[in-house]
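A short worksheet on the structure shown next.
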Amino acid sequence: MARKGNSIIKGLEIQDIITQLNKAYADEWLAYYQYFIEAKVIKGIMKDAAITELTQHAADELRHATMVADRIIQLGGTPLLHPKDWFTHTNCGYDAPNELDVVAILEDAIKGEQCAISIYSKLAEMTRDKDIVTYDIVSQILADEVEHEEDLQALHDDITEFISHIKQSM
Ligand code: FE
Ligand code: FE
Ligand code: MG
């Protein structure tokens, strides 16, 4: 089926865009689950603020998965159909929380966001001036990932500062 919407893509193989989007799609589901489970198992000081942030981010990652899946389908592709494919296609992998304290969890999550930022900035570079619709979607997601990193880093810094104040006053 020759879609007019796909005929405006210039200088890129649609299959290559679909392949890269499916990798990002795997990342989003794994990021969603990582935030979901971190918000459940996290322990320690100021955990309520972290739970609020992790839960918001989980919802954002699921929304990103939806945006990416919809674009894959528009391009004539099929989003990964089996969760086992997330592990073979992911760029950023899955970092199961092994230390459950707030600071360790936030550090894991910041690493994940930094990977997401580099993936979406590469996707933006790939599609800029070539596939405007995908470019717009990956740019919106990139802006969210930059915000995620900032939120987590700010919270991490507040908590580590608070801990060092407590230690000084003991
Ligand atoms: Fe995301
Ligand atoms: Fe994110
Ligand atoms: Mg946030």
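All residue names refer to the structure tokens as shown: chains lettered A, B, ... in order, residues numbered from 1 in each chain, ligands numbered from 1 in order.
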Item to check | Polymer residues at most 9 Å from Pro79 of chain A, only C-alpha atoms, same-chain spacing of 2 or more positions, as a list in words | outcome: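 Counting only the stated atoms, we get Ile18, Leu21, Asn22, Tyr25, Val68, Ala69, Asp70, Ile72, Ile73, Gly77 and Leu81 of chain A.
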Residue selection dump (N, CA, C and O atoms) as a compact mmCIF listing (two decimals), in the first residue's frame:
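Saved result, selection02.txt, follows:
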```txt
# COMPACT_ATOMS: atom_id res chain seq x y z
N ILE A 18 11.83 2.01 10.78
CA ILE A 18 11.03 1.07 11.57
C ILE A 18 11.93 0.26 12.52
O ILE A 18 11.60 0.08 13.70
N LEU A 21 12.97 2.50 15.35
CA LEU A 21 11.82 2.79 16.22
C LEU A 21 11.47 1.57 17.07
O LEU A 21 11.08 1.71 18.24
N ASN A 22 11.60 0.37 16.50
CA ASN A 22 11.31 -0.82 17.31
C ASN A 22 12.32 -0.99 18.44
O ASN A 22 11.97 -1.47 19.53
N TYR A 25 11.18 1.36 20.96
CA TYR A 25 9.94 0.82 21.54
C TYR A 25 10.27 -0.19 22.66
O TYR A 25 9.67 -0.15 23.74
N VAL A 68 5.50 5.70 19.85
CA VAL A 68 6.42 5.01 18.94
C VAL A 68 5.69 3.89 18.20
O VAL A 68 5.85 3.74 16.97
N ALA A 69 4.85 3.13 18.91
CA ALA A 69 4.10 2.04 18.25
C ALA A 69 3.20 2.61 17.15
O ALA A 69 3.12 2.05 16.05
N ASP A 70 2.52 3.71 17.45
CA ASP A 70 1.62 4.30 16.45
C ASP A 70 2.39 4.74 15.21
O ASP A 70 1.91 4.57 14.08
N ILE A 72 5.29 3.43 14.14
CA ILE A 72 5.73 2.21 13.44
C ILE A 72 4.59 1.71 12.54
O ILE A 72 4.81 1.37 11.37
N ILE A 73 3.39 1.71 13.06
CA ILE A 73 2.23 1.23 12.29
C ILE A 73 1.95 2.15 11.10
O ILE A 73 1.71 1.69 9.98
N GLY A 77 4.97 -0.76 9.45
CA GLY A 77 5.69 -1.80 10.20
C GLY A 77 4.82 -2.41 11.28
O GLY A 77 3.66 -2.06 11.44
N LEU A 81 6.08 -7.87 18.93
CA LEU A 81 4.84 -8.52 19.38
C LEU A 81 5.01 -9.34 20.65
O LEU A 81 4.03 -9.71 21.28
```
Checklist entry - Per DSSP on the backbone, what are the helix (DSSP H, G or I) residues of chain A, as a ChimeraX atom specification? => result /A:4-7,14-41,47-74,83-89,102-127,132-168
For the interface of chain A with ligand 2 (cut-off 9 Å, counting only C-alpha atoms and all ligand atoms), please tabulate each contacting residue of chain A alongside its nearest pair of atoms and their separation in Å to one decimal, rows sorted by chain and increasing number, as a Markdown table.
```
| residue | atom | partner | partner_atom_place_in_ligand_line | distance |
| --- | --- | --- | --- | --- |
| A:Glu28 | CA | ligand 2 | 1 (Fe) | 8.0 |
| A:Ala31 | CA | ligand 2 | 1 (Fe) | 7.1 |
| A:Tyr32 | CA | ligand 2 | 1 (Fe) | 8.4 |
| A:His57 | CA | ligand 2 | 1 (Fe) | 6.1 |
| A:Ala58 | CA | ligand 2 | 1 (Fe) | 7.9 |
| A:Asp60 | CA | ligand 2 | 1 (Fe) | 6.9 |
| A:Glu61 | CA | ligand 2 | 1 (Fe) | 5.9 |
| A:His64 | CA | ligand 2 | 1 (Fe) | 8.7 |
| A:Ala109 | CA | ligand 2 | 1 (Fe) | 8.4 |
| A:Ile110 | CA | ligand 2 | 1 (Fe) | 8.8 |
| A:Gly112 | CA | ligand 2 | 1 (Fe) | 7.5 |
| A:Glu113 | CA | ligand 2 | 1 (Fe) | 5.2 |
| A:Gln114 | CA | ligand 2 | 1 (Fe) | 8.7 |
| A:Ala116 | CA | ligand 2 | 1 (Fe) | 6.7 |
| A:Ile117 | CA | ligand 2 | 1 (Fe) | 8.2 |
| A:Ile141 | CA | ligand 2 | 1 (Fe) | 8.2 |
| A:Leu142 | CA | ligand 2 | 1 (Fe) | 8.5 |
| A:Asp144 | CA | ligand 2 | 1 (Fe) | 6.5 |
| A:Glu145 | CA | ligand 2 | 1 (Fe) | 4.3 |
| A:Val146 | CA | ligand 2 | 1 (Fe) | 7.7 |
| A:Glu147 | CA | ligand 2 | 1 (Fe) | 8.0 |
| A:His148 | CA | ligand 2 | 1 (Fe) | 5.3 |
| A:Glu149 | CA | ligand 2 | 1 (Fe) | 7.2 |
```
Checklist outcome for this item: One residue among A:Thr127, A:Pro83, A:Thr78, A:Ser7 is nearest to Thr19 of chain A when using only C-alpha atoms, and that residue is A:Thr78
Checklist outcome for this item: Here atom CA of Ile14 of chain A and atom CA of Val138 of chain A stand apart by 15.4 Å
Item to check | Among the residues A:Ile137, A:Leu155, A:Leu62, A:Ile166, the one that comes closest to ligand 1 [using only C-alpha atoms and all ligand atoms] | outcome: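 Of all the options, A:Leu62 lies closest to ligand 1.
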Checklist entry - Which polymer residues have any atom within 7 Å of an atom of Lys23 of chain A, counting only C-alpha atoms, with same-chain residues fewer than 5 positions away left out, as a PyMOL selection string? => result chain A and resi 89-91
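Between ligand 1 and the candidates A:Leu54, A:Ala65, A:Ala96, A:Ala124, the tightest atom-to-atom separation, counting only C-alpha atoms and all ligand atoms, involves A:Ala65.
Distance annotation: of A:Lys122, A:Pro97, A:Ala39, A:Ile17, the residue with the minimal separation from Gln56 of chain A is A:Ala39; atom set is only C-alpha atoms.
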Checklist entry - Could you state the separation of atom CA of Ala49 of chain A and atom CA of Asp158 of chain A in Å, given to one decimal place? => result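 Those two atoms sit 10.7 Å apart.
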Item to check | Top pick for closest residue to Ala143 of chain A, considering A:Ile163, A:Asp157, A:Ser121, A:Glu107 and counting only C-alpha atoms | outcome: A:Ser121
